[in-house]
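This is work_33.txt. It holds compact mmCIF, C-alpha atoms.
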# COMPACT_ATOMS: atom_id res chain seq x y z
CA MET A 86 17.34 18.11 -6.16
CA PRO A 87 21.01 17.62 -5.17
CA PRO A 88 23.63 20.01 -6.62
CA PRO A 89 25.78 19.10 -9.66
CA ARG A 90 28.26 16.35 -8.91
CA SER A 91 30.53 13.83 -10.52
CA GLU A 92 28.19 11.85 -12.74
CA ALA A 93 30.34 8.71 -12.48
CA ALA A 94 30.25 8.79 -8.67
CA ARG A 95 26.51 9.47 -8.71
CA ARG A 96 25.86 6.49 -10.99
CA ALA A 97 28.08 4.24 -8.87
CA ILE A 98 26.23 5.25 -5.69
CA LEU A 99 22.75 4.71 -7.19
CA THR A 100 23.74 1.35 -8.67
CA ALA A 101 25.27 0.25 -5.35
CA ALA A 102 22.06 1.16 -3.49
CA LEU A 103 19.91 -0.88 -5.91
CA ASP A 104 22.28 -3.86 -5.82
CA LEU A 105 22.39 -3.87 -2.02
CA VAL A 106 18.59 -3.66 -1.70
CA GLU A 107 18.27 -6.61 -4.06
CA GLU A 108 20.71 -8.64 -1.94
CA ALA A 109 19.43 -7.83 1.56
CA ASN A 110 16.52 -6.03 3.14
CA TYR A 111 16.17 -2.30 3.54
CA GLU A 112 16.76 -2.28 7.29
CA LYS A 113 20.27 -3.61 6.66
CA LEU A 114 20.99 -1.04 3.96
CA SER A 115 23.33 1.68 5.26
CA ILE A 116 25.14 4.72 3.90
CA GLU A 117 28.39 3.00 4.95
CA GLY A 118 27.48 -0.10 2.93
CA ILE A 119 26.54 1.93 -0.13
CA ALA A 120 29.78 3.92 0.10
CA ALA A 121 31.90 0.76 0.36
CA ARG A 122 30.16 -0.87 -2.60
CA ALA A 123 30.38 2.28 -4.73
CA GLY A 124 34.03 2.89 -3.85
CA VAL A 125 33.40 6.40 -2.52
CA GLY A 126 33.72 7.97 0.90
CA LYS A 127 30.71 8.12 3.23
CA GLN A 128 30.96 11.92 3.23
CA THR A 129 30.50 11.99 -0.54
CA ILE A 130 27.07 10.45 -0.07
CA TYR A 131 26.11 12.62 2.89
CA ARG A 132 27.07 15.72 0.91
CA TRP A 133 24.38 14.95 -1.69
CA TRP A 134 21.69 12.92 0.11
CA PRO A 135 20.25 13.28 3.63
CA SER A 136 19.38 9.57 4.09
CA LYS A 137 19.51 6.11 2.55
CA GLY A 138 15.85 6.56 1.56
CA ALA A 139 16.76 9.66 -0.45
CA VAL A 140 19.48 7.70 -2.28
CA LEU A 141 16.94 5.01 -3.08
CA LEU A 142 14.39 7.50 -4.44
CA ASP A 143 17.01 8.90 -6.84
CA ALA A 144 18.07 5.38 -7.79
CA LEU A 145 14.50 4.48 -8.70
CA LEU A 146 14.01 7.70 -10.65
CA ALA A 147 17.23 6.95 -12.57
CA LEU A 148 16.06 3.40 -13.20
CA SER A 149 12.79 4.52 -14.78
CA GLU A 150 14.55 7.23 -16.78
CA ASP A 151 17.01 4.65 -18.10
CA GLN A 152 14.33 2.31 -19.28
CA ALA A 153 11.48 4.60 -20.26
CA GLY A 154 13.09 7.98 -20.99
CA THR A 155 11.38 10.99 -19.48
CA LEU A 156 7.81 10.76 -18.27
CA VAL A 157 5.57 10.50 -21.33
CA PRO A 158 1.77 10.91 -21.51
CA LEU A 159 -0.37 7.77 -21.43
CA PRO A 160 -1.36 6.48 -24.88
CA ASP A 161 -4.48 8.13 -26.29
CA THR A 162 -5.84 6.24 -29.30
CA GLY A 163 -9.40 7.26 -28.51
CA ASP A 164 -10.12 3.84 -26.92
CA LEU A 165 -9.67 4.31 -23.16
CA GLU A 166 -10.10 0.64 -22.27
CA ALA A 167 -7.52 -0.57 -24.79
CA ASP A 168 -5.08 2.16 -23.77
CA LEU A 169 -5.41 1.44 -20.05
CA LYS A 170 -5.07 -2.32 -20.52
CA LEU A 171 -1.76 -1.68 -22.26
CA VAL A 172 -0.61 0.60 -19.45
CA MET A 173 -1.83 -1.71 -16.66
CA ARG A 174 -0.20 -4.80 -18.19
CA ALA A 175 3.10 -2.90 -18.25
CA THR A 176 2.62 -1.77 -14.64
CA VAL A 177 1.82 -5.29 -13.47
CA ALA A 178 4.86 -6.70 -15.31
CA GLU A 179 7.08 -4.08 -13.67
CA LEU A 180 5.71 -4.76 -10.17
CA ASP A 181 6.25 -8.47 -10.76
CA ASP A 182 9.92 -7.94 -11.77
CA PRO A 183 12.39 -8.37 -8.86
CA ARG A 184 14.58 -5.58 -10.26
CA TYR A 185 11.73 -3.15 -9.43
CA ASP A 186 9.85 -5.03 -6.75
CA ARG A 187 12.57 -5.02 -4.08
CA PRO A 188 13.64 -1.37 -4.32
CA MET A 189 10.00 -0.26 -4.60
CA ARG A 190 9.08 -2.16 -1.43
CA ALA A 191 12.10 -0.65 0.28
CA LEU A 192 11.13 2.84 -0.87
CA THR A 193 7.51 2.29 0.20
CA ALA A 194 8.73 1.37 3.68
CA ALA A 195 11.05 4.39 3.77
CA LEU A 196 8.19 6.71 2.78
CA LEU A 197 6.12 5.38 5.67
CA HIS A 198 8.92 6.32 8.09
CA ASP A 199 10.20 9.56 6.67
CA GLU A 200 7.87 12.49 6.08
CA ALA A 201 10.47 14.70 4.38
CA LEU A 202 11.25 11.93 1.92
CA ALA A 203 7.52 11.34 1.38
CA ALA A 204 7.06 15.02 0.49
CA ASP A 205 9.98 14.84 -1.97
CA TYR A 206 8.57 11.66 -3.51
CA ALA A 207 5.09 13.17 -3.82
CA GLU A 208 6.46 16.20 -5.63
CA ARG A 209 9.01 14.54 -7.93
CA LEU A 210 7.37 11.22 -8.80
CA GLU A 211 3.80 10.78 -7.65
CA ALA A 212 2.35 14.17 -8.63
CA PRO A 213 3.62 14.04 -12.24
CA ILE A 214 2.41 10.45 -12.65
CA THR A 215 -1.02 11.29 -11.21
CA GLN A 216 -1.17 14.25 -13.57
CA ILE A 217 -0.66 12.14 -16.70
CA LYS A 218 -3.35 9.72 -15.47
CA LEU A 219 -5.78 12.61 -14.89
CA ASP A 220 -4.96 14.06 -18.32
CA ARG A 221 -5.85 10.79 -20.02
CA LEU A 222 -9.09 10.41 -18.06
CA ARG A 223 -10.05 14.03 -18.74
CA SER A 224 -9.64 13.42 -22.46
CA ALA A 225 -11.83 10.30 -22.18
CA GLN A 226 -14.47 12.19 -20.23
CA ALA A 227 -14.52 14.93 -22.88
CA ALA A 228 -14.99 12.23 -25.53
CA GLY A 229 -17.94 10.75 -23.60
CA GLU A 230 -16.09 7.56 -22.60
CA LEU A 231 -16.59 8.32 -18.89
CA ARG A 232 -19.76 9.71 -17.31
CA ALA A 233 -19.73 13.49 -16.89
CA ASP A 234 -20.28 13.19 -13.11
CA VAL A 235 -17.26 10.95 -12.49
CA GLU A 236 -14.74 12.62 -10.17
CA LEU A 237 -11.44 11.98 -11.86
CA ASP A 238 -9.33 11.71 -8.68
CA VAL A 239 -11.69 8.98 -7.46
CA ALA A 240 -11.46 7.30 -10.87
CA VAL A 241 -7.65 7.21 -10.56
CA ASP A 242 -7.94 5.28 -7.27
CA LEU A 243 -10.57 2.94 -8.71
CA ILE A 244 -8.45 2.08 -11.74
CA TRP A 245 -4.96 1.94 -10.20
CA GLY A 246 -5.75 1.11 -6.54
CA PRO A 247 -6.54 -2.60 -6.98
CA VAL A 248 -3.18 -3.38 -8.61
CA MET A 249 -1.30 -1.33 -6.01
CA SER A 250 -3.16 -3.08 -3.19
CA ARG A 251 -2.59 -6.59 -4.58
CA TRP A 252 1.11 -5.83 -5.02
CA LEU A 253 1.52 -4.39 -1.54
CA GLN A 254 -0.44 -7.07 0.28
CA ARG A 255 0.62 -9.96 -1.98
CA THR A 256 -3.02 -11.10 -2.06
CA GLY A 257 -2.85 -12.63 -5.52
CA SER A 258 -0.88 -13.04 -8.74
CA LEU A 259 0.09 -10.02 -10.80
CA THR A 260 -0.90 -11.37 -14.22
CA PRO A 261 -1.93 -9.75 -17.52
CA ALA A 262 -5.39 -11.29 -16.97
CA PHE A 263 -5.68 -9.51 -13.62
CA ALA A 264 -4.63 -6.22 -15.24
CA ASP A 265 -7.30 -6.64 -17.92
CA ALA A 266 -10.02 -7.63 -15.43
CA VAL A 267 -9.32 -4.58 -13.25
CA VAL A 268 -9.46 -2.16 -16.17
CA ALA A 269 -12.58 -3.72 -17.68
CA SER A 270 -14.46 -3.83 -14.41
CA ALA A 271 -13.43 -0.38 -13.17
CA LEU A 272 -14.32 1.26 -16.49
CA SER A 273 -17.62 -0.57 -16.64
CA GLY A 274 -18.49 1.09 -13.33
CA LEU A 275 -17.33 4.52 -14.53
CA ARG A 276 -19.18 4.47 -17.83
CA ARG A 277 -22.71 3.85 -16.64
CA ALA A 278 -25.10 5.20 -14.05
CA GLY A 279 -23.87 4.10 -10.57
CA MET B 119 1.12 -17.21 19.16
CA PRO B 120 3.23 -16.50 22.29
CA PRO B 121 2.87 -18.84 25.31
CA PRO B 122 0.71 -17.94 28.34
CA ARG B 123 2.08 -14.99 30.30
CA SER B 124 1.20 -12.39 32.85
CA GLU B 125 -1.79 -10.64 31.33
CA ALA B 126 -0.97 -7.37 33.10
CA ALA B 127 2.58 -7.32 31.74
CA ARG B 128 1.32 -8.23 28.27
CA ARG B 129 -1.21 -5.37 28.30
CA ALA B 130 1.42 -2.92 29.55
CA ILE B 131 3.83 -3.93 26.78
CA LEU B 132 1.22 -3.64 24.00
CA THR B 133 -0.02 -0.28 25.29
CA ALA B 134 3.56 1.02 25.54
CA ALA B 135 4.27 -0.02 21.93
CA LEU B 136 1.17 1.81 20.65
CA ASP B 137 1.88 4.93 22.69
CA LEU B 138 5.50 5.08 21.51
CA VAL B 139 4.51 4.65 17.85
CA GLU B 140 2.03 7.49 18.22
CA GLU B 141 4.76 9.73 19.68
CA ALA B 142 7.64 8.98 17.32
CA ASN B 143 8.24 7.07 14.14
CA TYR B 144 8.70 3.34 13.84
CA GLU B 145 12.42 3.47 13.10
CA LYS B 146 12.96 4.98 16.55
CA LEU B 147 10.80 2.35 18.27
CA SER B 148 12.97 -0.16 20.15
CA ILE B 149 12.45 -3.12 22.45
CA GLU B 150 14.44 -1.19 25.07
CA GLY B 151 12.09 1.78 24.77
CA ILE B 152 8.98 -0.40 25.01
CA ALA B 153 10.39 -2.19 28.08
CA ALA B 154 11.20 1.10 29.84
CA ARG B 155 7.73 2.53 29.14
CA ALA B 156 5.97 -0.68 30.22
CA GLY B 157 8.07 -1.05 33.36
CA VAL B 158 9.28 -4.54 32.47
CA GLY B 159 12.70 -5.98 31.69
CA LYS B 160 13.88 -6.22 28.07
CA GLN B 161 14.17 -9.99 28.47
CA THR B 162 10.47 -10.24 29.33
CA ILE B 163 9.68 -8.89 25.87
CA TYR B 164 12.26 -11.00 24.06
CA ARG B 165 10.88 -14.12 25.76
CA TRP B 166 7.50 -13.57 24.10
CA TRP B 167 8.18 -11.64 20.89
CA PRO B 168 11.01 -11.98 18.35
CA SER B 169 10.95 -8.31 17.21
CA LYS B 170 9.36 -4.91 17.69
CA GLY B 171 7.21 -5.60 14.62
CA ALA B 172 5.79 -8.72 16.30
CA VAL B 173 4.89 -6.65 19.39
CA LEU B 174 3.14 -4.14 17.15
CA LEU B 175 1.13 -6.83 15.34
CA ASP B 176 -0.16 -8.17 18.67
CA ALA B 177 -0.89 -4.62 19.84
CA LEU B 178 -3.01 -3.96 16.76
CA LEU B 179 -4.83 -7.28 17.13
CA ALA B 180 -5.58 -6.42 20.77
CA LEU B 181 -6.77 -2.96 19.74
CA SER B 182 -9.30 -4.31 17.24
CA GLU B 183 -10.46 -6.98 19.70
CA ASP B 184 -11.02 -4.30 22.34
CA GLN B 185 -13.15 -2.17 20.10
CA ALA B 186 -14.92 -4.68 17.89
CA GLY B 187 -14.82 -7.97 19.81
CA THR B 188 -13.80 -11.03 17.82
CA LEU B 189 -13.89 -10.98 14.03
CA VAL B 190 -17.54 -11.00 12.98
CA PRO B 191 -18.97 -11.65 9.49
CA LEU B 192 -19.80 -8.65 7.30
CA PRO B 193 -23.43 -7.55 7.49
CA ASP B 194 -25.74 -9.43 5.11
CA THR B 195 -29.13 -7.73 4.78
CA GLY B 196 -29.55 -8.93 1.20
CA ASP B 197 -28.50 -5.51 -0.14
CA LEU B 198 -24.80 -5.78 -0.99
CA GLU B 199 -24.31 -2.12 -1.86
CA ALA B 200 -25.86 -0.86 1.39
CA ASP B 201 -23.91 -3.39 3.45
CA LEU B 202 -20.59 -2.56 1.82
CA LYS B 203 -21.11 1.19 2.15
CA LEU B 204 -21.59 0.69 5.88
CA VAL B 205 -18.43 -1.41 6.09
CA MET B 206 -16.37 0.94 3.89
CA ARG B 207 -17.42 4.05 5.82
CA ALA B 208 -16.25 2.34 9.03
CA THR B 209 -12.95 1.33 7.38
CA VAL B 210 -12.33 4.83 6.08
CA ALA B 211 -13.10 6.35 9.51
CA GLU B 212 -10.66 3.94 11.15
CA LEU B 213 -7.89 4.66 8.63
CA ASP B 214 -8.46 8.38 9.19
CA ASP B 215 -8.12 8.02 13.00
CA PRO B 216 -4.57 8.70 14.29
CA ARG B 217 -4.97 5.99 16.95
CA TYR B 218 -5.05 3.44 14.10
CA ASP B 219 -3.29 5.30 11.33
CA ARG B 220 0.13 5.57 12.96
CA PRO B 221 0.49 1.98 14.20
CA MET B 222 -0.94 0.65 10.94
CA ARG B 223 1.59 2.61 8.91
CA ALA B 224 4.33 1.34 11.24
CA LEU B 225 3.12 -2.24 10.85
CA THR B 226 2.85 -1.86 7.06
CA ALA B 227 6.48 -0.73 6.99
CA ALA B 228 7.53 -3.61 9.26
CA LEU B 229 5.76 -6.12 7.00
CA LEU B 230 7.71 -4.79 4.02
CA HIS B 231 10.98 -5.50 5.85
CA ASP B 232 10.25 -8.70 7.69
CA GLU B 233 9.08 -11.79 5.81
CA ALA B 234 8.49 -13.91 8.92
CA LEU B 235 6.28 -11.20 10.39
CA ALA B 236 4.48 -10.84 7.04
CA ALA B 237 3.69 -14.57 7.07
CA ASP B 238 2.37 -14.34 10.64
CA TYR B 239 0.25 -11.30 9.72
CA ALA B 240 -1.11 -13.02 6.62
CA GLU B 241 -2.18 -16.03 8.65
CA ARG B 242 -3.57 -14.33 11.75
CA LEU B 243 -5.14 -11.15 10.38
CA GLU B 244 -5.29 -10.86 6.62
CA ALA B 245 -6.50 -14.36 5.73
CA PRO B 246 -9.48 -14.31 8.15
CA ILE B 247 -10.47 -10.81 6.99
CA THR B 248 -10.23 -11.78 3.33
CA GLN B 249 -12.34 -14.85 4.11
CA ILE B 250 -15.22 -12.83 5.57
CA LYS B 251 -15.11 -10.54 2.52
CA LEU B 252 -15.21 -13.52 0.16
CA ASP B 253 -18.08 -15.06 2.16
CA ARG B 254 -20.18 -11.91 1.78
CA LEU B 255 -19.45 -11.64 -1.95
CA ARG B 256 -20.21 -15.33 -2.48
CA SER B 257 -23.59 -14.85 -0.83
CA ALA B 258 -24.26 -11.85 -3.11
CA GLN B 259 -23.20 -13.81 -6.18
CA ALA B 260 -25.56 -16.66 -5.21
CA ALA B 261 -28.35 -14.08 -4.85
CA GLY B 262 -27.62 -12.69 -8.35
CA GLU B 263 -26.24 -9.38 -7.07
CA LEU B 264 -22.88 -10.02 -8.78
CA ARG B 265 -22.39 -11.52 -12.24
CA ALA B 266 -21.77 -15.27 -12.20
CA ASP B 267 -18.44 -14.89 -14.03
CA VAL B 268 -16.95 -12.43 -11.50
CA GLU B 269 -13.81 -13.86 -9.87
CA LEU B 270 -14.32 -13.09 -6.21
CA ASP B 271 -10.64 -12.57 -5.34
CA VAL B 272 -10.45 -9.94 -8.07
CA ALA B 273 -13.67 -8.39 -6.76
CA VAL B 274 -12.10 -8.06 -3.28
CA ASP B 275 -9.21 -6.05 -4.77
CA LEU B 276 -11.59 -3.91 -6.84
CA ILE B 277 -13.76 -3.05 -3.85
CA TRP B 278 -11.14 -2.63 -1.10
CA GLY B 279 -8.02 -1.72 -3.13
CA PRO B 280 -8.91 1.92 -3.88
CA VAL B 281 -9.35 2.82 -0.19
CA MET B 282 -6.16 0.99 0.76
CA SER B 283 -4.24 2.74 -2.01
CA ARG B 284 -5.55 6.22 -1.14
CA TRP B 285 -4.66 5.66 2.52
CA LEU B 286 -1.17 4.39 1.77
CA GLN B 287 -0.29 7.02 -0.81
CA ARG B 288 -2.21 9.89 0.83
CA THR B 289 -3.57 10.79 -2.61
CA GLY B 290 -6.85 12.20 -1.32
CA SER B 291 -9.24 12.59 1.60
CA LEU B 292 -10.68 9.55 3.34
CA THR B 293 -14.30 10.72 3.53
CA PRO B 294 -17.65 8.91 3.76
CA ALA B 295 -18.41 10.27 0.26
CA PHE B 296 -15.25 8.61 -1.08
CA ALA B 297 -16.24 5.32 0.59
CA ASP B 298 -19.67 5.47 -1.01
CA ALA B 299 -18.31 6.39 -4.45
CA VAL B 300 -15.86 3.49 -4.42
CA VAL B 301 -18.51 0.95 -3.45
CA ALA B 302 -21.09 2.26 -5.93
CA SER B 303 -18.66 2.39 -8.81
CA ALA B 304 -16.95 -0.94 -8.12
CA LEU B 305 -20.27 -2.76 -7.75
CA SER B 306 -21.64 -1.13 -10.88
CA GLY B 307 -18.74 -2.71 -12.77
CA LEU B 308 -19.26 -6.11 -11.12
CA ARG B 309 -22.99 -6.31 -11.76
CA ARG B 310 -23.07 -5.87 -15.48
CA ALA B 311 -21.35 -7.25 -18.57
CA GLY B 312 -17.75 -5.91 -18.63
Give the structure from this file in C-alpha cells form.
Amino acid sequence: MPPPRSEAARRAILTAALDLVEEANYEKLSIEGIAARAGVGKQTIYRWWPSKGAVLLDALLALSEDQAGTLVPLPDTGDLEADLKLVMRATVAELDDPRYDRPMRALTAALLHDEALAADYAERLEAPITQIKLDRLRSAQAAGELRADVELDVAVDLIWGPVMSRWLQRTGSLTPAFADAVVASALSGLRRAG
Amino acid sequence: MPPPRSEAARRAILTAALDLVEEANYEKLSIEGIAARAGVGKQTIYRWWPSKGAVLLDALLALSEDQAGTLVPLPDTGDLEADLKLVMRATVAELDDPRYDRPMRALTAALLHDEALAADYAERLEAPITQIKLDRLRSAQAAGELRADVELDVAVDLIWGPVMSRWLQRTGSLTPAFADAVVASALSGLRRAG
C-alpha cells in the first residue's frame, strides 16, 4: 500500500490512467502519459507506484470502492441458486461494461507480465473475493445445499470459471441468460452424486 | 498465413522466440532479440510477421503440431465422461508444463493487447478447437448422454472454463484429480434437469 499522499493528486492520477486505457491500448499507456493527463510530474507517480500496472490496480480498486463501497459478503437468503444468479448477473453486466472491460483486460495482461504486481493483486483483491465466495458456499454446504464431499475451492472454479473464460476468450455473449445457465448447471452438478 | 520461406530460418526464428519467452518475460521480448538469437536479420522477421505476438502464435502452433500432429477429433468411445477426463488430464498436464505455460501466458497477454492478432488466433486456433469440442458434445447429446435442452456453446464453457480460469488466475493446483472433478461435476449438471 503506498504511503499517505495528496488525495486530489491520487484521484487525478487514477482517473487519468483509466481514461487513457479506455482511449488506447495498455501497451501505449505510459507513466509519462498518465502524468501529463493528470497534471502532475512523472516523479510524483514514481514516488507512489512502481509501474503503470500498479497504478491500474489501484485505479480498479478505487473504481469498485466508488461504486460498491467496501467488499461486502455475498447475499445469503438461504437459497444458494437465487443468490448466485443475482451475483453472476451483476458480474456479467460488469464484464460487459466498457468502463470495466478495458481496464480489466489491461490489468489481466499486466498481471501476466509482472509477478510482483500479480502477488499484490492476489493479496489485495483476489484473496478477499475468493474468501467471500468460499464463505457463502460453506454456509450452503452446512445447510445441505451442496454435497458434503464437494471441495469448495473446486466449486469456486466450477461456478465462476465459465464466465471468466467466456469473457477472456470472447467465446460468446455475456448475457443474464448465460449467467443463469452457468449457475443452474454448476449447482446441479454440485448438489447430487457425481 | 505468411508466404513460403526458408524452412530452416522459420524454425530458427520460432525456436528463438520460445526460448526467449522461457528465459524472460514477454515485455522484454523483441524482434531484435529474436533475430539475434536465430541468427537472421531483423528484416527477415518483419517480412513474414507483423509483430512479436504473431511470431509467438506461429511458434505455439508449430509446437502443438510437433507434439500432437495435426488437430485430431476428441476421442469418442461412447463414454463422454471417460473421454473428457482423458482430454482434461492431458490439458491440465500441458498447462502445468513450463514449456507451454510461459509462451501461452505470453500469448494470452499479447491477445489482450492486439486485436488483429486476437482475430488471427480466433480463426486459426480457437475456432477449430472449439469445433472439435462441439462435435464431441453433439455426438454425446445425440446418444442421450447430455440433456436435449443443453446449449452446447454453454456446455463448452462449463466443461473447459474452470481449468482455464484456474490456470490463468493461479487459484489452485492443476492436478489430474482437479481435471476429473471438473469433468464429473460439470457433466453431472448437464445430464439431469437443472
Interface list for chain A, partner chain B, 8 Å threshold, all atoms listed in the file, as a ChimeraX atom specification: /A:110-112,190-191,193-195,197-198,238-239,242-251,257,263,266-267,269-275,277-279
Rank A:Arg223, A:Arg209, A:Lys127, A:Arg122 by their smallest atom-to-atom distance to Asp104 (chain A), using all atoms listed in the file, and report the top residue only. A:Arg122
Using only C-alpha atoms, the residue out of B:Asp253, B:Glu199, B:Asp238, B:Glu125 with shortest distance to Ala180 (chain B) is B:Glu125
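You will find CA of Trp134 (chain A) at 26.1 Å from CA of Glu141 (chain B).
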Non-local contacts of Thr176 (chain A) (10 Å; only C-alpha atoms; under 3 positions in same chain excluded) as a ChimeraX atom specification: /A:170-173,179-182,245,248-249,259,261,264
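Our summary of the geometry notes that CA of Arg217 (chain B) is positioned 12.1 Å from CA of Ala135 (chain B).
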For the atom pair CA of Ala178 (chain A) and CA of Ser136 (chain A), what is the interatomic distance in Å to one decimal place? 29.2 Å
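The environment of Ala225 (chain A) within 9 Å, counting all atoms listed in the file and disregarding residues fewer than 6 places along the same chain, consists of Asp161, Gly163, Asp164, Leu165 and Leu231 of chain A.
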Generate the output file for the selected residues, C-alpha atoms, as a PDB file, keeping the file's coordinate frame.
ATOM      1  CA  ASP A 161      -4.480   8.130 -26.290  1.00  0.00           C
ATOM      2  CA  GLY A 163      -9.400   7.260 -28.510  1.00  0.00           C
ATOM      3  CA  ASP A 164     -10.120   3.840 -26.920  1.00  0.00           C
ATOM      4  CA  LEU A 165      -9.670   4.310 -23.160  1.00  0.00           C
ATOM      5  CA  LEU A 231     -16.590   8.320 -18.890  1.00  0.00           C
TER       6      LEU A 231
END
